[in-house]
$ cat query_8.cif   # mmCIF, C-alpha atoms
data_upload
loop_
_atom_site.label_atom_id
_atom_site.label_comp_id
_atom_site.auth_asym_id
_atom_site.auth_seq_id
_atom_site.Cartn_x
_atom_site.Cartn_y
_atom_site.Cartn_z
CA MET A 1 0.00 0.00 0.00
CA SER A 2 2.81 2.35 0.85
CA LYS A 3 4.31 1.77 -2.59
CA ILE A 4 0.97 2.51 -4.21
CA LYS A 5 0.53 5.72 -2.20
CA LYS A 6 4.04 6.82 -3.08
CA SER A 7 3.40 6.08 -6.75
CA MET A 8 0.13 8.09 -6.72
CA LEU A 9 1.82 11.00 -4.92
CA ALA A 10 4.63 11.01 -7.47
CA PHE A 11 2.10 10.92 -10.33
CA ALA A 12 0.16 13.80 -8.77
CA LEU A 13 3.31 15.89 -8.46
CA VAL A 14 4.31 15.23 -12.06
CA ALA A 15 0.81 15.93 -13.31
CA GLY A 16 0.65 19.13 -11.27
CA SER A 17 3.98 20.35 -12.50
CA VAL A 18 2.91 19.77 -16.11
CA LEU A 19 -0.71 20.93 -16.00
CA ALA A 20 -0.22 24.03 -13.82
CA PRO A 21 1.84 25.96 -16.40
CA MET A 22 -0.58 24.88 -19.12
CA ALA A 23 -3.49 26.21 -17.08
CA VAL A 24 -1.72 29.47 -16.41
CA GLN A 25 -0.87 29.82 -20.10
CA ALA A 26 -4.45 29.07 -21.07
CA GLN A 27 -5.71 31.65 -18.59
CA GLY A 28 -3.23 34.20 -19.97
CA LEU A 29 -4.35 33.53 -23.51
CA GLU A 30 -7.96 33.89 -22.46
CA THR A 31 -7.17 37.21 -20.76
CA ALA A 32 -5.21 38.40 -23.77
CA ASP A 33 -8.06 37.42 -26.05
CA GLY A 34 -10.46 39.28 -23.81
CA GLU A 35 -8.29 42.36 -23.86
CA ALA A 36 -7.95 42.10 -27.62
CA VAL A 37 -11.69 41.81 -27.99
CA SER A 38 -12.23 44.78 -25.70
CA ALA A 39 -9.56 46.73 -27.59
CA ASP A 40 -11.22 45.89 -30.88
CA ALA A 41 -14.56 46.86 -29.44
CA SER A 42 -13.23 50.15 -28.17
CA LYS A 43 -11.53 50.80 -31.52
CA SER A 44 -14.70 50.05 -33.41
CA SER A 45 -16.65 52.28 -31.07
CA THR A 46 -14.06 55.00 -31.59
CA ASN A 47 -14.33 54.59 -35.34
CA LYS A 48 -18.07 54.76 -35.04
CA LYS A 49 -17.81 57.86 -32.92
CA GLY A 50 -15.47 59.82 -35.16
CA GLY A 51 -12.43 59.91 -37.35
CA GLY A 52 -14.26 61.55 -40.23
CA PHE A 53 -13.79 65.01 -41.65
CA TYR A 54 -16.50 66.48 -39.39
CA ASP A 55 -14.69 65.24 -36.29
CA ILE A 56 -11.34 66.44 -37.64
CA VAL A 57 -12.74 69.96 -38.02
CA PHE A 58 -14.77 70.23 -34.81
CA GLY A 59 -12.55 68.01 -32.67
CA SER A 60 -9.32 69.92 -33.23
CA GLY A 61 -9.79 72.49 -30.50
CA ILE A 62 -10.48 76.20 -30.71
CA VAL A 63 -7.31 76.98 -32.65
CA GLY A 64 -7.95 74.16 -35.10
CA MET A 65 -11.55 75.25 -35.67
CA LEU A 66 -10.42 78.83 -36.30
CA LEU A 67 -7.89 77.55 -38.83
CA TRP A 68 -10.54 75.52 -40.63
CA PHE A 69 -12.96 78.46 -40.72
CA ALA A 70 -10.13 80.60 -42.10
CA LEU A 71 -9.47 78.00 -44.79
CA PHE A 72 -13.15 77.85 -45.70
CA GLY A 73 -13.32 81.65 -45.84
CA ASP A 74 -10.19 81.77 -47.97
CA GLY A 75 -11.68 79.29 -50.41
CA ILE A 76 -14.97 81.21 -50.63
CA LEU A 77 -13.12 84.49 -51.27
CA ALA A 78 -10.98 82.82 -53.93
CA ILE A 79 -14.10 81.61 -55.73
CA TYR A 80 -15.70 85.05 -55.46
CA PHE A 81 -12.68 86.89 -56.88
CA CYS A 82 -12.27 84.33 -59.68
CA VAL A 83 -15.87 84.82 -60.77
CA ASP A 84 -15.67 88.60 -60.37
CA CYS A 85 -12.47 88.91 -62.41
CA SER A 86 -13.79 86.52 -65.06
CA ILE A 87 -16.73 88.88 -65.58
CA LEU A 88 -14.49 91.95 -65.39
CA ILE A 89 -12.17 90.93 -68.24
CA LYS A 90 -14.88 89.84 -70.65
CA PRO A 91 -14.45 91.51 -74.07
CA GLU A 92 -17.89 93.12 -73.89
CA LYS A 93 -16.87 94.73 -70.59
CA LEU A 94 -13.44 95.97 -71.64
CA MET A 95 -14.11 96.91 -75.26
CA PRO A 96 -17.83 96.92 -76.16
CA GLN A 97 -18.54 96.31 -79.82
CA ARG A 98 -21.03 99.18 -79.89
CA LEU A 99 -18.29 101.59 -78.84
CA ILE A 100 -15.91 100.30 -81.50
CA ASP A 101 -18.56 100.67 -84.22
CA GLN A 102 -19.46 104.21 -83.18
CA VAL A 103 -15.84 105.37 -82.95
CA GLN A 104 -14.98 103.72 -86.26
CA LYS A 105 -17.88 105.48 -87.96
CA ALA A 106 -16.96 108.84 -86.41
CA MET A 107 -13.29 108.51 -87.34
CA GLY A 108 -14.28 107.55 -90.87
CA GLU A 109 -16.16 110.82 -91.10
CA GLY A 110 -13.32 112.73 -89.43
CA ASP A 111 -15.58 113.75 -86.54
CA ILE A 112 -13.42 113.46 -83.43
CA VAL A 113 -16.04 115.23 -81.30
CA ALA A 114 -18.58 112.50 -82.09
CA ALA A 115 -15.97 109.86 -81.27
CA MET A 116 -15.32 111.49 -77.89
CA GLU A 117 -19.07 111.64 -77.18
CA ALA A 118 -19.34 107.93 -77.97
CA CYS A 119 -16.54 107.21 -75.49
CA GLN A 120 -18.21 109.30 -72.80
CA ASN A 121 -21.57 107.59 -73.33
CA THR A 122 -20.02 104.09 -73.11
CA PRO A 123 -17.63 104.02 -70.14
CA SER A 124 -15.13 101.17 -70.29
CA ALA A 125 -11.40 100.54 -70.37
CA MET A 126 -11.43 101.01 -74.15
CA SER A 127 -13.22 104.35 -73.90
CA ASN A 128 -10.67 105.56 -71.33
CA ILE A 129 -7.79 104.75 -73.68
CA LEU A 130 -9.52 106.41 -76.63
CA LEU A 131 -10.34 109.53 -74.62
CA ALA A 132 -6.72 109.83 -73.54
CA ALA A 133 -5.76 109.81 -77.22
CA PHE A 134 -8.45 112.24 -78.39
CA GLN A 135 -7.60 114.75 -75.68
CA HIS A 136 -4.09 115.11 -77.14
CA VAL A 137 -5.09 115.06 -80.79
CA GLU A 138 -3.79 118.60 -81.37
CA GLU A 139 -0.36 117.85 -79.92
CA GLY A 140 0.95 115.49 -82.59
CA PHE A 141 1.02 111.76 -83.17
CA ASP A 142 3.98 111.10 -80.88
CA VAL A 143 2.18 112.70 -77.94
CA ILE A 144 -0.97 110.75 -78.81
CA GLN A 145 0.99 107.51 -78.79
CA GLU A 146 2.51 108.28 -75.42
CA ALA A 147 -0.94 109.12 -74.02
CA VAL A 148 -2.32 105.82 -75.35
CA ASN A 149 0.52 103.84 -73.78
CA ALA A 150 0.10 105.64 -70.46
CA ALA A 151 -3.67 105.03 -70.46
CA SER A 152 -3.12 101.35 -71.36
CA ASP A 153 -0.69 100.93 -68.48
CA LEU A 154 -3.19 102.57 -66.12
CA GLU A 155 -6.01 100.24 -67.22
CA GLN A 156 -3.72 97.25 -66.90
CA GLU A 157 -2.79 98.29 -63.37
CA LYS A 158 -6.47 98.60 -62.45
CA LEU A 159 -7.11 95.06 -63.66
CA MET A 160 -4.03 93.73 -61.87
CA GLN A 161 -5.19 95.25 -58.59
CA ARG A 162 -8.37 93.19 -58.82
CA LEU A 163 -6.60 90.05 -59.98
CA THR A 164 -4.02 90.28 -57.20
CA TRP A 165 -6.68 89.31 -54.66
CA ILE A 166 -6.82 85.85 -56.26
CA SER A 167 -3.05 85.56 -55.77
CA VAL A 168 -3.46 86.64 -52.15
CA CYS A 169 -6.01 83.87 -51.54
CA SER A 170 -3.77 81.31 -53.25
CA ASN A 171 -0.85 82.29 -51.02
CA LEU A 172 -2.93 82.26 -47.83
CA GLY A 173 -4.07 78.67 -48.40
CA PRO A 174 -0.68 76.94 -47.92
CA SER A 175 0.19 79.32 -45.08
CA LEU A 176 -2.95 78.39 -43.17
CA GLY A 177 -2.37 74.72 -43.99
CA LEU A 178 1.18 74.94 -42.66
CA LEU A 179 -0.07 76.59 -39.49
CA GLY A 180 -2.54 73.74 -39.06
CA THR A 181 0.28 71.25 -39.59
CA VAL A 182 2.35 72.91 -36.88
CA GLN A 183 -0.63 72.89 -34.54
CA GLY A 184 -1.22 69.18 -35.21
CA MET A 185 2.41 68.37 -34.49
CA ILE A 186 2.24 70.38 -31.27
CA LEU A 187 -0.79 68.36 -30.17
CA THR A 188 1.02 65.13 -31.08
CA PHE A 189 4.06 65.96 -28.96
CA GLN A 190 1.85 67.12 -26.10
CA ALA A 191 0.11 63.74 -26.17
CA LEU A 192 3.48 61.98 -26.14
CA SER A 193 4.79 64.08 -23.28
CA SER A 194 1.67 63.41 -21.20
CA GLY A 195 2.24 59.67 -21.40
CA ALA A 196 -0.35 58.96 -24.08
CA ALA A 197 2.11 57.19 -26.34
CA GLY A 198 0.00 54.06 -26.15
CA ASP A 199 -3.19 55.90 -27.09
CA ALA A 200 -3.14 55.45 -30.84
CA SER A 201 -6.44 57.27 -31.33
CA ALA A 202 -5.17 60.50 -29.75
CA LEU A 203 -1.98 60.43 -31.81
CA ALA A 204 -3.88 59.61 -34.98
CA ALA A 205 -6.28 62.50 -34.38
CA SER A 206 -3.41 64.97 -33.96
CA ILE A 207 -1.56 63.72 -37.03
CA GLY A 208 -4.81 63.68 -38.97
CA GLN A 209 -5.39 67.33 -38.05
CA ALA A 210 -1.95 68.19 -39.43
CA LEU A 211 -2.45 66.32 -42.70
CA TRP A 212 -6.01 67.50 -43.30
CA THR A 213 -5.15 71.17 -42.89
CA THR A 214 -2.21 70.78 -45.27
CA ALA A 215 -4.49 69.14 -47.82
CA GLY A 216 -7.11 71.87 -47.31
CA GLY A 217 -4.55 74.62 -47.95
CA LEU A 218 -3.35 72.93 -51.14
CA ILE A 219 -6.93 72.38 -52.35
CA VAL A 220 -7.52 76.13 -52.06
CA SER A 221 -4.13 77.16 -53.45
CA ILE A 222 -3.78 75.03 -56.60
CA PRO A 223 -7.02 76.10 -58.37
CA SER A 224 -6.57 79.71 -57.23
CA ILE A 225 -3.06 80.12 -58.60
CA THR A 226 -4.10 78.43 -61.85
CA ALA A 227 -7.06 80.79 -62.23
CA PHE A 228 -4.88 83.80 -61.39
CA TYR A 229 -2.32 83.18 -64.13
CA SER A 230 -5.01 82.30 -66.65
CA LEU A 231 -7.03 85.45 -65.96
CA ARG A 232 -3.90 87.61 -65.85
CA ASN A 233 -2.78 86.39 -69.27
CA ASN A 234 -6.25 86.99 -70.73
CA ALA A 235 -6.32 90.51 -69.26
CA ASN A 236 -2.89 91.34 -70.72
CA ARG A 237 -3.92 90.08 -74.15
CA ARG A 238 -7.07 92.19 -74.13
CA ILE A 239 -5.20 95.31 -73.01
CA LEU A 240 -2.79 94.82 -75.90
CA ARG A 241 -5.75 94.30 -78.23
CA MET A 242 -7.37 97.55 -77.06
CA THR A 243 -4.11 99.44 -77.57
CA ALA A 244 -3.74 98.05 -81.09
CA VAL A 245 -7.35 98.92 -82.00
CA THR A 246 -6.87 102.45 -80.66
CA MET A 247 -3.74 102.95 -82.74
CA GLU A 248 -5.59 101.69 -85.82
CA PHE A 249 -8.26 104.34 -85.25
CA LEU A 250 -5.60 107.02 -84.89
CA ASN A 251 -3.47 106.08 -87.88
CA GLY A 252 -5.28 108.73 -89.89
CA LEU A 253 -3.84 111.37 -87.58
CA ARG A 254 -0.24 110.34 -88.18
CA ASN A 255 0.39 112.98 -90.85
CA VAL A 256 -1.58 115.75 -89.21
CA GLU A 257 0.53 118.88 -88.84
CA VAL A 258 0.43 120.60 -85.49
CA ALA A 259 -0.29 124.32 -85.65
CA PRO A 260 2.26 126.43 -83.81
CA GLU A 261 1.17 127.99 -80.54
CA ASP A 262 0.32 131.74 -80.24
CA GLY A 263 -0.45 131.84 -83.96
CA GLY A 264 3.20 132.25 -84.86
CA GLU A 265 4.74 130.97 -88.02
CA MET A 266 6.92 127.89 -88.09
CA PRO A 267 10.58 128.81 -88.51
CA ALA A 268 12.03 128.18 -91.94
#

$ encode --input "query_8.cif" --output "C-alpha cells"
Amino acid sequence: MSKIKKSMLAFALVAGSVLAPMAVQAQGLETADGEAVSADASKSSTNKKGGGFYDIVFGSGIVGMLLWFALFGDGILAIYFCVDCSILIKPEKLMPQRLIDQVQKAMGEGDIVAAMEACQNTPSAMSNILLAAFQHVEEGFDVIQEAVNAASDLEQEKLMQRLTWISVCSNLGPSLGLLGTVQGMILTFQALSSGAAGDASALAASIGQALWTTAGGLIVSIPSITAFYSLRNNANRRILRMTAVTMEFLNGLRNVEVAPEDGGEMPA
C-alpha cells in the first residue's frame, strides 16, 4: 500500500507540475483574447464615434476650428474673386462692340467730337484709352501715342489690382495649412509628453489634423493660382488688343501737322 501511495503522490506531483503551467498559459491567452476583444470593441466604437472630416474639423480644439474656418473663408473668397475677375475681363466689358462701331464710324467721317461723345456715353477701359488719345489730338502723333501707352498701363494696373486678390487667396491657403500642420504636431508631442504614447487614437487625431489642414490649404491654393495666371494672361492680351485697335483708329492722324502755338509761323 505504501508503494501505491508513493506512486500516486509522485504521479500527482508530475501531473501538477505539467498541468499548472498549461493552465496558467491558457488563462493568460484567455485574458489576452479578452483584452484584444475589448480593444477591438473600443476601436470600433471609436471609429463609429469619429475619425471623419466632421470630427477632424470640430474636434481639433479652438485653434484648429479657427484655422478651418479661415481656410473655408479663404476658399470662398478665392471663388468670389475668380468669378468677379472673369466677368471683369470679358471683351464686352473691356471693349464693347457698340463703342468700337461708333468710334470707327466717327473717325471715318473725321468727326473726333462724335468719337469722344461715344466714349463718354459708353464708359469702359477702351473708352478711357480712346479719350486719352483724343484729348491730345492737337499735340501730334507722338504725344498721342505716349498718351495711349500711359492710359493702357493705367487700365492694366487697375485690372491687376483686382486680380491680385486671387493671388493673395492662393498664397494664404498653404500658409494656413502649414499653421494647421504645426498645430497638429504640437498636439502630437503634447500627447506623447503626457504619457499617451500608447493611445493610438489620440496620436492619430493629432496627425490627422496636421495632414487634413495641409491638404485643405493645397486644395484652395492650386485652383486659385491656376485661375490667377489664366485670368492675368487673358487681361494682358485684351489690353494689348485695345491698344492696337486704338492705334488703328488714330493712324489717320499720323500725318496731321500741329499748328504752332500763339499763332506764330513755323521757322524756316

$ residues_around --input "query_8.cif" --residues "Thr188 in chain A" --least-positions-apart "2" --cutoff "9 Å" --atoms "only C-alpha atoms" --output "list in words"
Gln183, Gly184, Met185, Ile186, Gln190, Ala191, Leu192, Ser193, Ala202, Leu203, Ala204, Ala205, Ser206 and Ile207 of chain A

$ resolve_selection --input "query_8.cif" --expression "the PyMOL selection byres ((chain A and resi 215-225) around 9)" --output "PyMOL selection string"
chain A and resi 68+71-72+74-75+78-79+82+166-167+169-178+210-214+226-230

$ axis_aligned_box --input "query_8.cif" --around "range 167-186 of chain A" --padding-each-side "8 Å" --output "AutoDock Vina command-line options"
--center_x -1.8 --center_y 77.5 --center_z -43.5 --size_x 24.4 --size_y 34.3 --size_z 40.5

$ residues_around --input "query_8.cif" --residues "range 101-115 of chain A" --least-positions-apart "3" --cutoff "9 Å" --atoms "all atoms listed in the file" --output "VMD selection string"
chain A and resid 96 to 98 118 to 120 130 to 131 134 137 249 to 250 252

$ resolve_selection --input "query_8.cif" --expression "the PyMOL selection byres ((chain A and resi 153) around 12)" --output "list in words"
Ala125, Asn128, Ile129, Ala132, Glu146, Ala147, Val148, Asn149, Ala150, Ala151, Ser152, Leu154, Glu155, Gln156, Glu157, Lys158, Leu159, Met160, Ala235, Asn236, Ile239, Leu240, Met242 and Thr243 of chain A

$ atom_distance --input "query_8.cif" --atom1 "CA of Lys93 in chain A" --atom2 "CA of Thr122 in chain A"
10.2 Å

$ atom_distance --input "query_8.cif" --atom1 "CA of Ile89 in chain A" --atom2 "CA of Met116 in chain A"
22.9 Å

$ atom_distance --input "query_8.cif" --atom1 "CA of Gly64 in chain A" --atom2 "CA of Trp165 in chain A"
24.8 Å

$ closest_residue --input "query_8.cif" --among "A:Ala133, A:Leu163, A:Met95, A:Val182" --to "Arg241 in chain A" --atoms "all atoms listed in the file"
A:Met95
